[in-house]
Amino acid sequence: MESSISDLAQVIQIVVAPVFMLTGIAGFLNVMSGRLGRIVDRARIIERRVAILKNPDKLKISQVELKYLWRRIKIINRSIGMCTASALFVCAVVCCLFIGEFLLMDLTKAVVILFVIALLLLIVALVSFLKEVQLATRTLQMGKEFDDE
C-alpha cells in the first residue's frame, strides 16, 4: 500500500507540468475569445452601416473593413480551434500518465507523441494569433469613425 501511494504521488508530480500548460492554454483561449467577441461586434456595426450608407466612397471603405474583419474572424477561429485541440492532447497526456501507472503499462511513446502533437498545435495557434494581431494592426486606420451618410 505504501509503495502504491508513493508511486501515485510521483505520477501526480509528473502530471503537474502538463496541468500548468493547460492553465496557460486556458488563459490564451480566454484572450482569443475576447478578441473574437470584439471583432464580431465590430463586424455587426459595419454590416449595419453598409446597409444604410449612401456615399459610395464611405461605402467602399466600410466594405473593405468588413472584408478584413471577416478574415480576422476566420483566423482567430482557426487559432481557437488549434488551441483547443492542443488542450485536448495535453489532457490525453495526463490520462496516459495515470493509466500507464495504474495498469503498469509503458505508455512512454504515446505520451511523447501526444505531447509533441499538443505543442505543434499550440505553435500553430500562436502563429495564427500573431497573424490576426498583425492584420488588426495593419488595418487599424480603416476603423476610423465617420458620419453614416
# chains A, B, ... in the order shown; residues from 1 in each chain; ligands from 1
>>> closest_atom_pairs(of="region 48-131 of chain A", to="region 1-25 of chain A", cutoff="8 Å", atoms="only C-alpha atoms", output="CSV")
residue,atom,partner,partner_atom,distance
A:Cys83,CA,A:Ile25,CA,6.8
A:Thr84,CA,A:Ile25,CA,8.0
A:Ala87,CA,A:Leu22,CA,6.0
A:Val90,CA,A:Pro18,CA,6.3
A:Cys91,CA,A:Pro18,CA,7.9
A:Val93,CA,A:Pro18,CA,7.7
A:Val94,CA,A:Val15,CA,6.0
A:Leu97,CA,A:Val11,CA,7.0
A:Phe98,CA,A:Val11,CA,6.8
A:Glu101,CA,A:Val11,CA,7.3
>>> write_last_selection(atoms="N, CA and C atoms", output="PDB file, in the first residue's frame")
ATOM      1  N   CYS A  83      -5.824  25.742 -30.553  1.00  0.00           N
ATOM      2  CA  CYS A  83      -5.515  25.846 -29.124  1.00  0.00           C
ATOM      3  C   CYS A  83      -6.356  24.837 -28.322  1.00  0.00           C
ATOM      4  N   THR A  84      -7.611  24.708 -28.680  1.00  0.00           N
ATOM      5  CA  THR A  84      -8.492  23.750 -28.011  1.00  0.00           C
ATOM      6  C   THR A  84      -8.012  22.320 -28.273  1.00  0.00           C
ATOM      7  N   ALA A  87      -5.088  21.626 -26.088  1.00  0.00           N
ATOM      8  CA  ALA A  87      -5.507  21.337 -24.711  1.00  0.00           C
ATOM      9  C   ALA A  87      -6.031  19.906 -24.587  1.00  0.00           C
ATOM     10  N   VAL A  90      -3.118  17.579 -24.452  1.00  0.00           N
ATOM     11  CA  VAL A  90      -2.478  17.638 -23.134  1.00  0.00           C
ATOM     12  C   VAL A  90      -3.290  16.811 -22.136  1.00  0.00           C
ATOM     13  N   CYS A  91      -4.610  16.912 -22.212  1.00  0.00           N
ATOM     14  CA  CYS A  91      -5.464  16.077 -21.346  1.00  0.00           C
ATOM     15  C   CYS A  91      -5.210  14.595 -21.609  1.00  0.00           C
ATOM     16  N   VAL A  93      -2.422  13.318 -22.592  1.00  0.00           N
ATOM     17  CA  VAL A  93      -1.129  13.026 -21.966  1.00  0.00           C
ATOM     18  C   VAL A  93      -1.321  12.706 -20.484  1.00  0.00           C
ATOM     19  N   VAL A  94      -2.089  13.540 -19.797  1.00  0.00           N
ATOM     20  CA  VAL A  94      -2.337  13.339 -18.370  1.00  0.00           C
ATOM     21  C   VAL A  94      -3.034  11.996 -18.143  1.00  0.00           C
ATOM     22  N   LEU A  97      -0.585   9.148 -18.570  1.00  0.00           N
ATOM     23  CA  LEU A  97       0.325   9.029 -17.427  1.00  0.00           C
ATOM     24  C   LEU A  97      -0.335   8.269 -16.275  1.00  0.00           C
ATOM     25  N   PHE A  98      -1.581   8.602 -15.984  1.00  0.00           N
ATOM     26  CA  PHE A  98      -2.291   7.908 -14.903  1.00  0.00           C
ATOM     27  C   PHE A  98      -2.613   6.470 -15.279  1.00  0.00           C
ATOM     28  N   GLU A 101       0.468   4.227 -15.231  1.00  0.00           N
ATOM     29  CA  GLU A 101       0.881   3.882 -13.854  1.00  0.00           C
ATOM     30  C   GLU A 101      -0.096   2.889 -13.226  1.00  0.00           C
TER      31      GLU A 101
END
>>> closest_atom_pairs(of="region 37-147 of chain A", to="region 28-31 of chain A", cutoff="12 Å", atoms="only C-alpha atoms", output="tab-separated table")
residue	atom	partner	partner_atom	distance
A:Gly37	CA	A:Val31	CA	10.1
A:Arg38	CA	A:Val31	CA	10.9
A:Ile76	CA	A:Leu29	CA	10.2
A:Asn77	CA	A:Leu29	CA	10.5
A:Arg78	CA	A:Leu29	CA	11.6
A:Ser79	CA	A:Leu29	CA	8.9
A:Ile80	CA	A:Leu29	CA	6.4
A:Gly81	CA	A:Leu29	CA	9.4
A:Met82	CA	A:Leu29	CA	10.1
A:Cys83	CA	A:Leu29	CA	7.0
A:Thr84	CA	A:Leu29	CA	7.7
A:Ala85	CA	A:Leu29	CA	11.2
A:Ser86	CA	A:Leu29	CA	10.9
A:Ala87	CA	A:Leu29	CA	9.9
A:Leu122	CA	A:Phe28	CA	10.0
A:Ala125	CA	A:Phe28	CA	9.6
A:Leu126	CA	A:Phe28	CA	9.1
A:Phe129	CA	A:Phe28	CA	9.8
A:Val133	CA	A:Val31	CA	11.9
>>> write_last_selection(atoms="N, CA, C and O atoms", output="short mmCIF file (atom, residue, chain, number, x, y, z; two decimals), in the first residue's frame")
data_model
loop_
_atom_site.label_atom_id
_atom_site.label_comp_id
_atom_site.auth_asym_id
_atom_site.auth_seq_id
_atom_site.Cartn_x
_atom_site.Cartn_y
_atom_site.Cartn_z
N GLY A 37 -14.95 38.13 -29.78
CA GLY A 37 -16.18 38.86 -29.46
C GLY A 37 -16.14 40.30 -29.92
O GLY A 37 -17.12 40.82 -30.48
N ARG A 38 -15.02 40.96 -29.71
CA ARG A 38 -14.89 42.36 -30.14
C ARG A 38 -14.90 42.48 -31.66
O ARG A 38 -15.48 43.41 -32.21
N ILE A 76 -8.85 33.96 -36.22
CA ILE A 76 -8.92 33.76 -34.77
C ILE A 76 -9.70 32.48 -34.45
O ILE A 76 -9.39 31.78 -33.49
N ASN A 77 -10.69 32.15 -35.27
CA ASN A 77 -11.41 30.88 -35.10
C ASN A 77 -10.46 29.70 -35.28
O ASN A 77 -10.52 28.73 -34.53
N ARG A 78 -9.60 29.78 -36.28
CA ARG A 78 -8.63 28.71 -36.51
C ARG A 78 -7.69 28.60 -35.31
O ARG A 78 -7.39 27.51 -34.84
N SER A 79 -7.27 29.73 -34.82
CA SER A 79 -6.37 29.74 -33.66
C SER A 79 -7.05 29.13 -32.43
O SER A 79 -6.44 28.33 -31.71
N ILE A 80 -8.29 29.48 -32.21
CA ILE A 80 -9.05 28.92 -31.08
C ILE A 80 -9.19 27.40 -31.24
O ILE A 80 -9.02 26.64 -30.28
N GLY A 81 -9.47 26.96 -32.45
CA GLY A 81 -9.61 25.52 -32.70
C GLY A 81 -8.32 24.76 -32.44
O GLY A 81 -8.31 23.70 -31.80
N MET A 82 -7.20 25.31 -32.92
CA MET A 82 -5.90 24.66 -32.71
C MET A 82 -5.52 24.66 -31.23
O MET A 82 -4.98 23.67 -30.71
N CYS A 83 -5.82 25.74 -30.55
CA CYS A 83 -5.51 25.85 -29.12
C CYS A 83 -6.36 24.84 -28.32
O CYS A 83 -5.84 24.18 -27.41
N THR A 84 -7.61 24.71 -28.68
CA THR A 84 -8.49 23.75 -28.01
C THR A 84 -8.01 22.32 -28.27
O THR A 84 -7.97 21.49 -27.35
N ALA A 85 -7.63 22.04 -29.50
CA ALA A 85 -7.10 20.71 -29.82
C ALA A 85 -5.83 20.44 -29.02
O ALA A 85 -5.62 19.33 -28.51
N SER A 86 -4.98 21.45 -28.89
CA SER A 86 -3.76 21.30 -28.09
C SER A 86 -4.11 20.94 -26.65
O SER A 86 -3.50 20.03 -26.07
N ALA A 87 -5.09 21.63 -26.09
CA ALA A 87 -5.51 21.34 -24.71
C ALA A 87 -6.03 19.91 -24.59
O ALA A 87 -5.75 19.21 -23.59
N LEU A 122 -0.23 23.98 -30.49
CA LEU A 122 -0.10 25.26 -29.79
C LEU A 122 0.74 26.24 -30.60
O LEU A 122 0.41 27.43 -30.67
N ALA A 125 -1.43 27.57 -33.29
CA ALA A 125 -2.38 28.51 -32.71
C ALA A 125 -1.72 29.87 -32.44
O ALA A 125 -2.29 30.92 -32.72
N LEU A 126 -0.51 29.84 -31.90
CA LEU A 126 0.20 31.08 -31.61
C LEU A 126 0.57 31.84 -32.88
O LEU A 126 0.42 33.07 -32.94
N PHE A 129 -2.59 33.35 -34.19
CA PHE A 129 -2.94 34.51 -33.36
C PHE A 129 -2.07 35.70 -33.73
O PHE A 129 -2.57 36.83 -33.88
N VAL A 133 -3.30 39.41 -35.09
CA VAL A 133 -2.89 40.67 -34.47
C VAL A 133 -2.22 41.58 -35.50
O VAL A 133 -2.49 42.79 -35.54
#
>>> atom_distance(atom1="CA of Asn55 (chain A)", atom2="CA of Asp41 (chain A)")
23.0 Å
>>> residues_around(residues="Leu107 (chain A)", least_positions_apart="4", cutoff="8 Å", atoms="only C-alpha atoms", output="PyMOL selection string")
chain A and resi 96-97+100+111
>>> write_last_selection(atoms="N, CA and C atoms", output="PDB file, in the first residue's frame")
ATOM      1  N   CYS A  96      -2.929   9.339 -20.076  1.00  0.00           N
ATOM      2  CA  CYS A  96      -1.964   8.256 -20.348  1.00  0.00           C
ATOM      3  C   CYS A  96      -1.006   8.059 -19.182  1.00  0.00           C
ATOM      4  N   LEU A  97      -0.585   9.148 -18.570  1.00  0.00           N
ATOM      5  CA  LEU A  97       0.325   9.029 -17.427  1.00  0.00           C
ATOM      6  C   LEU A  97      -0.335   8.269 -16.275  1.00  0.00           C
ATOM      7  N   GLY A 100      -1.133   4.547 -17.498  1.00  0.00           N
ATOM      8  CA  GLY A 100       0.111   3.772 -17.557  1.00  0.00           C
ATOM      9  C   GLY A 100       0.579   3.329 -16.183  1.00  0.00           C
ATOM     10  N   VAL A 111       2.797   8.989 -24.757  1.00  0.00           N
ATOM     11  CA  VAL A 111       2.880  10.273 -24.055  1.00  0.00           C
ATOM     12  C   VAL A 111       3.722  11.258 -24.850  1.00  0.00           C
TER      13      VAL A 111
END
>>> residues_around(residues="region 69-71 of chain A", least_positions_apart="5", cutoff="8 Å", atoms="only C-alpha atoms", output="list in words")
Ile39, Val40, Arg42 and Ala43 of chain A
>>> atom_distance(atom1="CA of Val124 (chain A)", atom2="CA of Glu65 (chain A)")
25.6 Å
